[in-house]
>>> print(open('target23.pdb').read())   # PDB, C-alpha atoms and all ligand atoms
ATOM      1  CA  MET A  15       7.874 -34.293 -19.290
ATOM      2  CA  SER A  16      11.044 -32.679 -18.057
ATOM      3  CA  ILE A  17      11.524 -29.492 -16.155
ATOM      4  CA  SER A  18      13.735 -26.875 -17.634
ATOM      5  CA  ILE A  19      16.133 -25.860 -14.920
ATOM      6  CA  PHE A  20      17.790 -23.173 -16.975
ATOM      7  CA  ILE A  21      15.283 -20.435 -16.421
ATOM      8  CA  ASP A  22      15.656 -16.863 -15.413
ATOM      9  CA  LYS A  23      14.136 -15.272 -12.364
ATOM     10  CA  ASP A  24      11.230 -13.841 -14.321
ATOM     11  CA  ASN A  25       9.996 -17.316 -15.033
ATOM     12  CA  TYR A  26       9.590 -18.520 -11.454
ATOM     13  CA  HIS A  27       5.854 -18.763 -11.825
ATOM     14  CA  THR A  28       6.183 -20.911 -14.889
ATOM     15  CA  LEU A  29       8.575 -23.197 -13.123
ATOM     16  CA  LEU A  30       6.381 -23.532 -10.074
ATOM     17  CA  LEU A  31       3.304 -24.295 -12.112
ATOM     18  CA  THR A  32       5.229 -26.795 -14.139
ATOM     19  CA  HIS A  33       6.557 -28.394 -11.016
ATOM     20  CA  LEU A  34       3.125 -28.724  -9.507
ATOM     21  CA  SER A  35       1.625 -30.092 -12.670
ATOM     22  CA  PRO A  36       0.723 -33.792 -12.571
ATOM     23  CA  LEU A  37       2.762 -34.134 -15.753
ATOM     24  CA  THR A  38       5.939 -33.332 -13.874
ATOM     25  CA  ARG A  39       8.656 -35.925 -14.118
ATOM     26  CA  TYR A  40       9.739 -37.645 -10.882
ATOM     27  CA  PRO A  41      12.170 -38.216  -9.385
ATOM     28  CA  MET A  42      14.183 -35.083 -10.034
ATOM     29  CA  SER A  43      17.893 -35.351 -10.245
ATOM     30  CA  ALA A  44      19.896 -34.129  -7.259
ATOM     31  CA  ALA A  45      20.884 -31.032  -9.205
ATOM     32  CA  GLU A  46      17.276 -30.293 -10.198
ATOM     33  CA  SER A  47      16.107 -30.863  -6.669
ATOM     34  CA  ALA A  48      18.751 -28.539  -5.216
ATOM     35  CA  LEU A  49      17.914 -25.840  -7.715
ATOM     36  CA  MET A  50      14.204 -26.229  -7.037
ATOM     37  CA  THR A  51      14.809 -25.808  -3.324
ATOM     38  CA  THR A  52      16.823 -22.662  -3.919
ATOM     39  CA  LEU A  53      14.228 -21.217  -6.247
ATOM     40  CA  LEU A  54      11.377 -21.944  -3.872
ATOM     41  CA  GLU A  55      13.216 -20.319  -0.957
ATOM     42  CA  ASP A  56      14.049 -17.398  -3.171
ATOM     43  CA  TYR A  57      10.456 -17.152  -4.321
ATOM     44  CA  SER A  58       9.028 -17.130  -0.824
ATOM     45  CA  THR A  59      11.346 -14.336   0.319
ATOM     46  CA  GLU A  60      11.164 -12.368  -2.886
ATOM     47  CA  SER A  61       7.490 -12.378  -3.637
ATOM     48  CA  ARG A  62       6.543 -10.198  -6.582
ATOM     49  CA  ARG A  63       2.925  -9.502  -5.823
ATOM     50  CA  PHE A  64       3.226  -5.801  -6.653
ATOM     51  CA  ARG A  65       5.414  -6.063  -9.693
ATOM     52  CA  GLY A  66       4.320  -3.500 -12.276
ATOM     53  CA  LEU A  67       1.550  -2.119 -10.078
ATOM     54  CA  VAL A  68       0.923   1.565  -9.464
ATOM     55  CA  CYS A  69      -0.088   1.999  -5.839
ATOM     56  CA  ALA A  70      -1.259   4.837  -3.620
ATOM     57  CA  VAL A  71      -0.780   4.897   0.130
ATOM     58  CA  THR A  72      -2.381   7.666   2.147
ATOM     59  CA  GLY A  73      -0.629   8.345   5.435
ATOM     60  CA  GLY A  74       2.458   6.697   3.959
ATOM     61  CA  SER A  75       4.966   9.045   5.607
ATOM     62  CA  THR A  76       4.900   7.311   8.993
ATOM     63  CA  GLY A  77       3.467   4.397  10.922
ATOM     64  CA  ILE A  78       1.804   1.451   9.234
ATOM     65  CA  GLY A  79       1.523   3.381   5.951
ATOM     66  CA  ASN A  80       5.299   3.759   5.900
ATOM     67  CA  GLY A  81       5.581  -0.012   6.336
ATOM     68  CA  CYS A  82       3.130  -0.556   3.471
ATOM     69  CA  VAL A  83       5.211   1.640   1.169
ATOM     70  CA  ARG A  84       8.371  -0.308   2.011
ATOM     71  CA  GLN A  85       6.654  -3.650   1.496
ATOM     72  CA  ILE A  86       5.150  -2.693  -1.855
ATOM     73  CA  VAL A  87       8.501  -1.440  -3.121
ATOM     74  CA  SER A  88      10.235  -4.598  -1.900
ATOM     75  CA  GLU A  89       7.703  -6.568  -3.943
ATOM     76  CA  GLY A  90       8.241  -4.647  -7.153
ATOM     77  CA  GLY A  91       5.560  -1.953  -7.074
ATOM     78  CA  ARG A  92       5.695   1.812  -7.461
ATOM     79  CA  VAL A  93       4.036   3.948  -4.813
ATOM     80  CA  ALA A  94       2.527   7.380  -4.471
ATOM     81  CA  ILE A  95       2.514   8.655  -0.888
ATOM     82  CA  PHE A  96      -0.170  11.159   0.054
ATOM     83  CA  ASP A  97       0.460  12.729   3.444
ATOM     84  CA  ILE A  98       0.753  16.021   5.279
ATOM     85  CA  LEU A  99       4.110  15.133   6.855
ATOM     86  CA  ASP A 100       6.396  16.392   4.098
ATOM     87  CA  SER A 101       9.858  15.798   5.525
ATOM     88  CA  GLU A 102       9.122  12.195   6.573
ATOM     89  CA  GLY A 103       7.444  11.399   3.245
ATOM     90  CA  GLU A 104      10.163  13.022   1.178
ATOM     91  CA  ALA A 105      12.866  11.215   3.168
ATOM     92  CA  LEU A 106      11.165   7.880   2.573
ATOM     93  CA  ALA A 107      10.846   8.612  -1.144
ATOM     94  CA  LYS A 108      14.519   9.575  -1.320
ATOM     95  CA  GLU A 109      15.544   6.403   0.486
ATOM     96  CA  LEU A 110      13.551   4.114  -1.813
ATOM     97  CA  GLY A 111      13.849   5.909  -5.150
ATOM     98  CA  GLU A 112      12.387   9.381  -5.355
ATOM     99  CA  ASN A 113      10.291  10.102  -8.456
ATOM    100  CA  SER A 114      11.131   6.754  -9.989
ATOM    101  CA  VAL A 115       9.774   4.240  -7.489
ATOM    102  CA  VAL A 116       8.233   6.398  -4.765
ATOM    103  CA  PHE A 117       6.463   9.688  -5.405
ATOM    104  CA  PHE A 118       5.634  11.906  -2.453
ATOM    105  CA  THR A 119       2.794  14.401  -2.769
ATOM    106  CA  HIS A 120       1.693  16.725   0.001
ATOM    107  CA  CYS A 121      -2.018  16.121   0.359
ATOM    108  CA  ASP A 122      -4.416  16.852   3.170
ATOM    109  CA  ILE A 123      -7.024  14.208   2.493
ATOM    110  CA  SER A 124      -9.704  16.195   4.313
ATOM    111  CA  SER A 125      -9.823  18.499   1.276
ATOM    112  CA  GLU A 126     -12.011  16.947  -1.433
ATOM    113  CA  ASP A 127     -10.624  19.170  -4.189
ATOM    114  CA  GLY A 128      -7.101  18.755  -2.854
ATOM    115  CA  VAL A 129      -7.371  14.966  -3.079
ATOM    116  CA  ALA A 130      -8.725  15.063  -6.634
ATOM    117  CA  GLU A 131      -5.955  17.399  -7.751
ATOM    118  CA  ALA A 132      -3.184  15.511  -5.930
ATOM    119  CA  PHE A 133      -4.213  12.099  -7.254
ATOM    120  CA  THR A 134      -4.512  13.347 -10.830
ATOM    121  CA  SER A 135      -1.208  15.219 -10.853
ATOM    122  CA  THR A 136       0.657  12.346  -9.171
ATOM    123  CA  LEU A 137      -0.616   9.845 -11.720
ATOM    124  CA  GLN A 138       0.756  12.141 -14.413
ATOM    125  CA  ARG A 139       4.125  12.296 -12.640
ATOM    126  CA  MET A 140       4.138   8.497 -12.512
ATOM    127  CA  GLY A 141       3.277   8.259 -16.198
ATOM    128  CA  ALA A 142       0.231   6.154 -15.383
ATOM    129  CA  ILE A 143      -3.445   6.399 -16.231
ATOM    130  CA  ALA A 144      -4.880   4.743 -13.110
ATOM    131  CA  PHE A 145      -3.945   3.390  -9.727
ATOM    132  CA  ASP A 146      -4.035  -0.378  -9.361
ATOM    133  CA  VAL A 147      -4.062  -0.290  -5.581
ATOM    134  CA  LEU A 148      -5.165   2.212  -2.953
ATOM    135  CA  ILE A 149      -4.267   1.693   0.699
ATOM    136  CA  CYS A 150      -5.888   4.179   3.078
ATOM    137  CA  MET A 151      -3.742   4.592   6.190
ATOM    138  CA  ALA A 152      -4.078   8.313   6.819
ATOM    139  CA  ALA A 153      -5.832   8.781  10.128
ATOM    140  CA  ASN A 154      -6.413  11.349  12.780
ATOM    141  CA  PHE A 155      -7.074  10.373  16.370
ATOM    142  CA  ILE A 156      -8.742  12.073  19.327
ATOM    143  CA  TYR A 157      -6.539  11.524  22.344
ATOM    144  CA  ARG A 158      -9.064  12.546  25.001
ATOM    145  CA  GLU A 159     -11.681  11.094  27.276
ATOM    146  CA  VAL A 160     -14.819  10.836  25.193
ATOM    147  CA  HIS A 161     -16.758  13.280  27.405
ATOM    148  CA  LEU A 162     -14.029  15.875  26.838
ATOM    149  CA  ALA A 163     -13.939  15.616  23.045
ATOM    150  CA  THR A 164     -15.104  18.816  21.358
ATOM    151  CA  HIS A 165     -16.944  19.307  18.092
ATOM    152  CA  ALA A 166     -13.677  20.570  16.662
ATOM    153  CA  ASP A 167     -12.039  17.253  17.612
ATOM    154  CA  TRP A 168     -14.850  15.286  16.003
ATOM    155  CA  ASP A 169     -14.810  17.443  12.868
ATOM    156  CA  ARG A 170     -11.079  16.977  12.456
ATOM    157  CA  ALA A 171     -11.218  13.208  12.967
ATOM    158  CA  LEU A 172     -14.289  12.609  10.834
ATOM    159  CA  ASN A 173     -13.056  14.896   8.046
ATOM    160  CA  VAL A 174      -9.921  12.782   7.750
ATOM    161  CA  ASN A 175     -11.003   9.273   8.728
ATOM    162  CA  ILE A 176     -14.414   9.206   7.043
ATOM    163  CA  LYS A 177     -14.821  11.950   4.469
ATOM    164  CA  GLY A 178     -11.120  12.071   3.575
ATOM    165  CA  THR A 179     -10.946   8.332   3.044
ATOM    166  CA  ALA A 180     -14.118   8.518   0.947
ATOM    167  CA  SER A 181     -12.536  11.225  -1.228
ATOM    168  CA  CYS A 182      -9.497   9.026  -1.862
ATOM    169  CA  VAL A 183     -11.676   6.083  -2.861
ATOM    170  CA  LYS A 184     -13.671   8.408  -5.112
ATOM    171  CA  ALA A 185     -10.449   9.568  -6.758
ATOM    172  CA  VAL A 186      -9.343   6.063  -7.794
ATOM    173  CA  ILE A 187     -12.600   4.313  -8.691
ATOM    174  CA  PRO A 188     -13.096   5.759 -12.213
ATOM    175  CA  GLY A 189      -9.572   4.735 -13.275
ATOM    176  CA  MET A 190      -9.959   1.256 -11.805
ATOM    177  CA  ARG A 191     -13.307   0.863 -13.523
ATOM    178  CA  ASN A 192     -11.812   1.817 -16.877
ATOM    179  CA  LYS A 193      -9.048  -0.682 -16.301
ATOM    180  CA  GLY A 194     -11.528  -3.331 -15.207
ATOM    181  CA  LYS A 195      -9.708  -4.078 -11.963
ATOM    182  CA  GLY A 196      -8.196  -2.603  -8.839
ATOM    183  CA  ALA A 197      -7.909  -3.075  -5.094
ATOM    184  CA  VAL A 198      -8.853  -0.715  -2.287
ATOM    185  CA  VAL A 199      -7.786  -1.368   1.299
ATOM    186  CA  LEU A 200      -9.466   0.573   4.094
ATOM    187  CA  THR A 201      -8.076   0.394   7.598
ATOM    188  CA  SER A 202      -9.863   0.252  10.902
ATOM    189  CA  SER A 203      -8.758  -0.450  14.446
ATOM    190  CA  ILE A 204      -9.670  -2.628  17.346
ATOM    191  CA  THR A 205     -10.318   0.652  19.165
ATOM    192  CA  GLY A 206     -13.480   0.869  17.089
ATOM    193  CA  THR A 207     -14.938  -1.998  19.067
ATOM    194  CA  LEU A 208     -12.996  -1.884  22.336
ATOM    195  CA  ALA A 209     -12.965   1.068  24.726
ATOM    196  CA  PHE A 210      -9.539   2.461  25.562
ATOM    197  CA  PRO A 211      -9.032   5.112  28.247
ATOM    198  CA  GLY A 212      -8.073   8.520  26.863
ATOM    199  CA  PHE A 213      -8.792   7.548  23.282
ATOM    200  CA  VAL A 214     -11.906   8.265  21.248
ATOM    201  CA  PRO A 215     -12.366   5.559  18.564
TER     202      PRO A 215
HETATM  203  N1  LIG B 301      -0.755   1.606  15.250
HETATM  204  C1  LIG B 301      -1.543   0.627  15.650
HETATM  205  O1  LIG B 301      -1.233  -0.122  16.598
HETATM  206  C2  LIG B 301      -2.840   0.363  14.924
HETATM  207  C3  LIG B 301      -3.559  -0.779  15.259
HETATM  208  C4  LIG B 301      -4.742  -1.066  14.573
HETATM  209  C5  LIG B 301      -5.189  -0.207  13.591
HETATM  210  N2  LIG B 301      -4.495   0.917  13.298
HETATM  211  C6  LIG B 301      -5.041   1.780  12.264
HETATM  212  O2  LIG B 301      -4.110   1.910  11.200
HETATM  213  C7  LIG B 301      -4.210   3.212  10.640
HETATM  214  C8  LIG B 301      -2.836   3.866  10.654
HETATM  215  O3  LIG B 301      -2.393   3.939  11.994
HETATM  216  P1  LIG B 301      -0.917   4.377  12.371
HETATM  217  O4  LIG B 301      -0.659   3.894  13.734
HETATM  218  O5  LIG B 301       0.027   4.014  11.291
HETATM  219  O6  LIG B 301      -1.088   5.973  12.435
HETATM  220  P2  LIG B 301       0.026   7.113  12.382
HETATM  221  O7  LIG B 301      -0.482   8.258  13.188
HETATM  222  O8  LIG B 301       1.377   6.565  12.718
HETATM  223  O9  LIG B 301       0.058   7.503  10.844
HETATM  224  C9  LIG B 301      -1.007   8.168  10.267
HETATM  225  C10 LIG B 301      -0.486   8.930   9.064
HETATM  226  O10 LIG B 301      -1.593   9.640   8.517
HETATM  227  C11 LIG B 301      -1.142  10.938   8.185
HETATM  228  N3  LIG B 301      -2.264  11.886   8.190
HETATM  229  C12 LIG B 301      -2.952  12.355   9.259
HETATM  230  N4  LIG B 301      -3.858  13.252   8.858
HETATM  231  C13 LIG B 301      -3.747  13.343   7.510
HETATM  232  C14 LIG B 301      -4.418  14.112   6.518
HETATM  233  N5  LIG B 301      -5.369  15.000   6.838
HETATM  234  N6  LIG B 301      -4.057  13.932   5.233
HETATM  235  C15 LIG B 301      -3.074  13.079   4.893
HETATM  236  N7  LIG B 301      -2.401  12.331   5.789
HETATM  237  C16 LIG B 301      -2.736  12.470   7.079
HETATM  238  C17 LIG B 301      -0.133  11.281   9.273
HETATM  239  O11 LIG B 301       0.697  12.364   8.910
HETATM  240  C18 LIG B 301       0.583   9.969   9.425
HETATM  241  O12 LIG B 301       1.674   9.863   8.523
HETATM  242  C19 LIG B 301      -5.263   3.942  11.450
HETATM  243  O13 LIG B 301      -6.502   3.842  10.799
HETATM  244  C20 LIG B 301      -5.290   3.187  12.760
HETATM  245  O14 LIG B 301      -6.549   3.291  13.415
HETATM  246  C21 LIG B 301      -3.330   1.195  13.927
END
>>> encode(input="target23.pdb", output="structure tokens", more="lines below")
Ligand SMILES: NC(=O)c1ccc[n+]([C@@H]2O[C@H](COP(=O)([O-])OP(=O)(O)OC[C@H]3O[C@@H](n4cnc5c(N)ncnc54)[C@H](O)[C@@H]3O)[C@@H](O)[C@H]2O)c1
Amino acid sequence: MSISIFIDKDNYHTLLLTHLSPLTRYPMSAAESALMTTLLEDYSTESRRFRGLVCAVTGGSTGIGNGCVRQIVSEGGRVAIFDILDSEGEALAKELGENSVVFFTHCDISSEDGVAEAFTSTLQRMGAIAFDVLICMAANFIYREVHLATHADWDRALNVNIKGTASCVKAVIPGMRNKGKGAVVLTSSITGTLAFPGFVP
């Protein structure tokens, strides 16, 4: 069996599977071998794991969420950012493809109704019926010694980190169920298990 070397980029997977198949012809010609090397290098740097996927990243305006948005876009996905930092989120959307690739929506995830409304309206803007991926990066921290933390601090942190995250998961589950698949990524921190001075986990 021979390997077709005249394939377009969209057929990388086919080529790789063919190459790895026990039916593959060996040895390859020098030209085939050189092309295979190029394609494999290309493939490893241009992974397409998110191609065609509709993703949501909470807390996507800054920090690790911002990095997630960039990575998803670089791998072919479209992303909805839900955050309270408007200017940072809008700037990121503009940089990567506002309202075509990246959609910023102001959303305070501690509001249950606000999350439901924001997720529904953003899906409509994206022309999609469900999110394929949800990455929860929105977080609120208490930068105090634990004995100085107030109920207001705890309420704020728990409303975002626990209840807010739960609301976001709740907003995507029905759509994922209808689709029969989906991925939800929740984020924690080592500070949940290790004590840090001046920082309530
Ligand atoms: N930075 C680290 O070194 C590190 C290490 C391990 C784990 N983590 C975890 O990763 C997650 C993200 O951390 P980070 O460092 O990127 O944080 P960050 O503070 O840089 O970003 C958090 C984002 O969440 C947004 N946000 C806060 N409250 C919100 C709300 N009510 N609604 C919507 N968005 C809101 C913020 O505006 C911000 O854009 C956290 O869960 C953190 O514990 C971070």
>>> closest_atom_pairs(input="target23.pdb", of="chain A", to="ligand LIG 301 (chain B)", cutoff="7 Å", atoms="only C-alpha atoms and all ligand atoms", output="CSV")
residue,atom,partner,partner_atom,distance
A:Thr72,CA,B:LIG301,N7,5.9
A:Gly73,CA,B:LIG301,O10,3.5
A:Gly74,CA,B:LIG301,O12,5.6
A:Ser75,CA,B:LIG301,O12,4.5
A:Thr76,CA,B:LIG301,O12,4.1
A:Gly77,CA,B:LIG301,O5,3.5
A:Ile78,CA,B:LIG301,O5,3.7
A:Gly79,CA,B:LIG301,O5,5.6
A:Phe96,CA,B:LIG301,C15,6.0
A:Asp97,CA,B:LIG301,N7,3.7
A:Ile98,CA,B:LIG301,C15,4.8
A:Leu99,CA,B:LIG301,O11,4.9
A:Cys121,CA,B:LIG301,C15,5.6
A:Asp122,CA,B:LIG301,N6,3.6
A:Ile123,CA,B:LIG301,N6,4.0
A:Ser124,CA,B:LIG301,N5,5.2
A:Met151,CA,B:LIG301,C8,4.6
A:Ala152,CA,B:LIG301,O10,3.3
A:Ala153,CA,B:LIG301,O10,4.6
A:Asn154,CA,B:LIG301,C12,5.0
A:Val174,CA,B:LIG301,N5,5.1
A:Thr201,CA,B:LIG301,O13,5.0
A:Ser202,CA,B:LIG301,O13,4.9
A:Ser203,CA,B:LIG301,C5,3.7
A:Ile204,CA,B:LIG301,C4,5.9
>>> residues_around(input="target23.pdb", residues="region 187-194 of chain A", least_positions_apart="2", cutoff="12 Å", atoms="all atoms listed in the file", output="CSV table (one decimal) with C-alpha atoms, in the coordinates of the input")
chain,number,residue,atom,x,y,z
A,68,VAL,CA,0.9,1.6,-9.5
A,69,CYS,CA,-0.1,2.0,-5.8
A,130,ALA,CA,-8.7,15.1,-6.6
A,133,PHE,CA,-4.2,12.1,-7.3
A,134,THR,CA,-4.5,13.3,-10.8
A,137,LEU,CA,-0.6,9.8,-11.7
A,142,ALA,CA,0.2,6.2,-15.4
A,143,ILE,CA,-3.4,6.4,-16.2
A,144,ALA,CA,-4.9,4.7,-13.1
A,145,PHE,CA,-3.9,3.4,-9.7
A,146,ASP,CA,-4.0,-0.4,-9.4
A,147,VAL,CA,-4.1,-0.3,-5.6
A,148,LEU,CA,-5.2,2.2,-3.0
A,180,ALA,CA,-14.1,8.5,0.9
A,181,SER,CA,-12.5,11.2,-1.2
A,182,CYS,CA,-9.5,9.0,-1.9
A,183,VAL,CA,-11.7,6.1,-2.9
A,184,LYS,CA,-13.7,8.4,-5.1
A,185,ALA,CA,-10.4,9.6,-6.8
A,196,GLY,CA,-8.2,-2.6,-8.8
A,197,ALA,CA,-7.9,-3.1,-5.1
A,198,VAL,CA,-8.9,-0.7,-2.3
>>> residues_near_point(input="target23.pdb", point="(-7.5, 16.0, 22.6)", cutoff="10 Å", atoms="only C-alpha atoms", output="ChimeraX atom specification")
/A:155-160,162-164,166-168,212-214
>>> write_last_selection(input="target23.pdb", atoms="C-alpha atoms", output="PDB file, in the coordinates of the input")
ATOM      1  CA  PHE A 155      -7.074  10.373  16.370  1.00  0.00           C
ATOM      2  CA  ILE A 156      -8.742  12.073  19.327  1.00  0.00           C
ATOM      3  CA  TYR A 157      -6.539  11.524  22.344  1.00  0.00           C
ATOM      4  CA  ARG A 158      -9.064  12.546  25.001  1.00  0.00           C
ATOM      5  CA  GLU A 159     -11.681  11.094  27.276  1.00  0.00           C
ATOM      6  CA  VAL A 160     -14.819  10.836  25.193  1.00  0.00           C
ATOM      7  CA  LEU A 162     -14.029  15.875  26.838  1.00  0.00           C
ATOM      8  CA  ALA A 163     -13.939  15.616  23.045  1.00  0.00           C
ATOM      9  CA  THR A 164     -15.104  18.816  21.358  1.00  0.00           C
ATOM     10  CA  ALA A 166     -13.677  20.570  16.662  1.00  0.00           C
ATOM     11  CA  ASP A 167     -12.039  17.253  17.612  1.00  0.00           C
ATOM     12  CA  TRP A 168     -14.850  15.286  16.003  1.00  0.00           C
ATOM     13  CA  GLY A 212      -8.073   8.520  26.863  1.00  0.00           C
ATOM     14  CA  PHE A 213      -8.792   7.548  23.282  1.00  0.00           C
ATOM     15  CA  VAL A 214     -11.906   8.265  21.248  1.00  0.00           C
TER      16      VAL A 214
END
>>> atom_distance(input="target23.pdb", atom1="CA of Thr119 (chain A)", atom2="CA of Arg92 (chain A)")
13.7 Å
>>> resolve_selection(input="target23.pdb", expression="the PyMOL selection byres (((chain A and resi 84) around 12) and not hetatm)", output="CSV table (one decimal) with C-alpha atoms, in the coordinates of the input")
chain,number,residue,atom,x,y,z
A,64,PHE,CA,3.2,-5.8,-6.7
A,69,CYS,CA,-0.1,2.0,-5.8
A,71,VAL,CA,-0.8,4.9,0.1
A,74,GLY,CA,2.5,6.7,4.0
A,75,SER,CA,5.0,9.0,5.6
A,76,THR,CA,4.9,7.3,9.0
A,77,GLY,CA,3.5,4.4,10.9
A,78,ILE,CA,1.8,1.5,9.2
A,79,GLY,CA,1.5,3.4,6.0
A,80,ASN,CA,5.3,3.8,5.9
A,81,GLY,CA,5.6,0.0,6.3
A,82,CYS,CA,3.1,-0.6,3.5
A,83,VAL,CA,5.2,1.6,1.2
A,85,GLN,CA,6.7,-3.6,1.5
A,86,ILE,CA,5.2,-2.7,-1.9
A,87,VAL,CA,8.5,-1.4,-3.1
A,88,SER,CA,10.2,-4.6,-1.9
A,89,GLU,CA,7.7,-6.6,-3.9
A,90,GLY,CA,8.2,-4.6,-7.2
A,91,GLY,CA,5.6,-2.0,-7.1
A,92,ARG,CA,5.7,1.8,-7.5
A,93,VAL,CA,4.0,3.9,-4.8
A,94,ALA,CA,2.5,7.4,-4.5
A,95,ILE,CA,2.5,8.7,-0.9
A,103,GLY,CA,7.4,11.4,3.2
A,106,LEU,CA,11.2,7.9,2.6
A,107,ALA,CA,10.8,8.6,-1.1
A,109,GLU,CA,15.5,6.4,0.5
A,110,LEU,CA,13.6,4.1,-1.8
A,111,GLY,CA,13.8,5.9,-5.2
A,115,VAL,CA,9.8,4.2,-7.5
A,116,VAL,CA,8.2,6.4,-4.8
>>> residues_near_point(input="target23.pdb", point="(9.4, 15.4, -9.8)", cutoff="8 Å", atoms="only C-alpha atoms", output="number ranges by chain")
A: 113, 117, 139
>>> atom_distance(input="target23.pdb", atom1="CA of Gly141 (chain A)", atom2="CA of Ala70 (chain A)")
13.8 Å
>>> atom_distance(input="target23.pdb", atom1="CA of Asp100 (chain A)", atom2="CA of Leu172 (chain A)")
22.1 Å
>>> closest_residue(input="target23.pdb", among="A:Ala48, A:Glu112, A:Ser125, A:Arg65", to="Arg170 (chain A)", atoms="all atoms listed in the file")
A:Ser125
>>> axis_aligned_box(input="target23.pdb", around="region 74-80 of chain A", padding_each_side="4 Å", output="AutoDock Vina command-line options")
--center_x 3.4 --center_y 5.2 --center_z 7.4 --size_x 11.8 --size_y 15.6 --size_z 15.0
>>> decode(input="target23.pdb", residues="region 122-138 of chain A", atoms="N, CA and C atoms", output="PDB file, in the first residue's frame")
ATOM      1  N   ASP A 122     -21.181  38.728  35.518  1.00  0.00           N
ATOM      2  CA  ASP A 122     -20.748  38.466  36.895  1.00  0.00           C
ATOM      3  C   ASP A 122     -21.282  37.084  37.255  1.00  0.00           C
ATOM      4  N   ILE A 123     -20.388  36.116  37.347  1.00  0.00           N
ATOM      5  CA  ILE A 123     -20.877  34.742  37.497  1.00  0.00           C
ATOM      6  C   ILE A 123     -21.521  34.482  38.859  1.00  0.00           C
ATOM      7  N   SER A 124     -21.425  35.442  39.779  1.00  0.00           N
ATOM      8  CA  SER A 124     -22.089  35.225  41.066  1.00  0.00           C
ATOM      9  C   SER A 124     -23.596  35.464  40.968  1.00  0.00           C
ATOM     10  N   SER A 125     -24.064  35.938  39.813  1.00  0.00           N
ATOM     11  CA  SER A 125     -25.502  36.108  39.611  1.00  0.00           C
ATOM     12  C   SER A 125     -26.045  34.927  38.812  1.00  0.00           C
ATOM     13  N   GLU A 126     -26.887  34.121  39.454  1.00  0.00           N
ATOM     14  CA  GLU A 126     -27.417  32.915  38.791  1.00  0.00           C
ATOM     15  C   GLU A 126     -28.208  33.281  37.535  1.00  0.00           C
ATOM     16  N   ASP A 127     -29.092  34.271  37.672  1.00  0.00           N
ATOM     17  CA  ASP A 127     -29.890  34.679  36.504  1.00  0.00           C
ATOM     18  C   ASP A 127     -29.008  35.314  35.438  1.00  0.00           C
ATOM     19  N   GLY A 128     -28.024  36.094  35.910  1.00  0.00           N
ATOM     20  CA  GLY A 128     -27.110  36.750  34.971  1.00  0.00           C
ATOM     21  C   GLY A 128     -26.349  35.735  34.140  1.00  0.00           C
ATOM     22  N   VAL A 129     -25.906  34.660  34.755  1.00  0.00           N
ATOM     23  CA  VAL A 129     -25.173  33.611  34.032  1.00  0.00           C
ATOM     24  C   VAL A 129     -26.088  32.966  32.994  1.00  0.00           C
ATOM     25  N   ALA A 130     -27.293  32.610  33.410  1.00  0.00           N
ATOM     26  CA  ALA A 130     -28.221  31.941  32.482  1.00  0.00           C
ATOM     27  C   ALA A 130     -28.479  32.825  31.262  1.00  0.00           C
ATOM     28  N   GLU A 131     -28.720  34.110  31.550  1.00  0.00           N
ATOM     29  CA  GLU A 131     -29.026  35.033  30.442  1.00  0.00           C
ATOM     30  C   GLU A 131     -27.806  35.228  29.539  1.00  0.00           C
ATOM     31  N   ALA A 132     -26.628  35.405  30.165  1.00  0.00           N
ATOM     32  CA  ALA A 132     -25.416  35.668  29.378  1.00  0.00           C
ATOM     33  C   ALA A 132     -25.037  34.472  28.511  1.00  0.00           C
ATOM     34  N   PHE A 133     -25.155  33.269  29.065  1.00  0.00           N
ATOM     35  CA  PHE A 133     -24.784  32.085  28.276  1.00  0.00           C
ATOM     36  C   PHE A 133     -25.738  31.889  27.102  1.00  0.00           C
ATOM     37  N   THR A 134     -27.040  32.092  27.365  1.00  0.00           N
ATOM     38  CA  THR A 134     -28.022  31.903  26.297  1.00  0.00           C
ATOM     39  C   THR A 134     -27.833  32.933  25.187  1.00  0.00           C
ATOM     40  N   SER A 135     -27.687  34.208  25.580  1.00  0.00           N
ATOM     41  CA  SER A 135     -27.581  35.242  24.544  1.00  0.00           C
ATOM     42  C   SER A 135     -26.263  35.116  23.772  1.00  0.00           C
ATOM     43  N   THR A 136     -25.196  34.675  24.450  1.00  0.00           N
ATOM     44  CA  THR A 136     -23.913  34.558  23.740  1.00  0.00           C
ATOM     45  C   THR A 136     -23.950  33.398  22.748  1.00  0.00           C
ATOM     46  N   LEU A 137     -24.587  32.315  23.130  1.00  0.00           N
ATOM     47  CA  LEU A 137     -24.739  31.203  22.178  1.00  0.00           C
ATOM     48  C   LEU A 137     -25.452  31.681  20.915  1.00  0.00           C
ATOM     49  N   GLN A 138     -26.493  32.501  21.130  1.00  0.00           N
ATOM     50  CA  GLN A 138     -27.220  33.032  19.963  1.00  0.00           C
ATOM     51  C   GLN A 138     -26.301  33.879  19.097  1.00  0.00           C
TER      52      GLN A 138
END
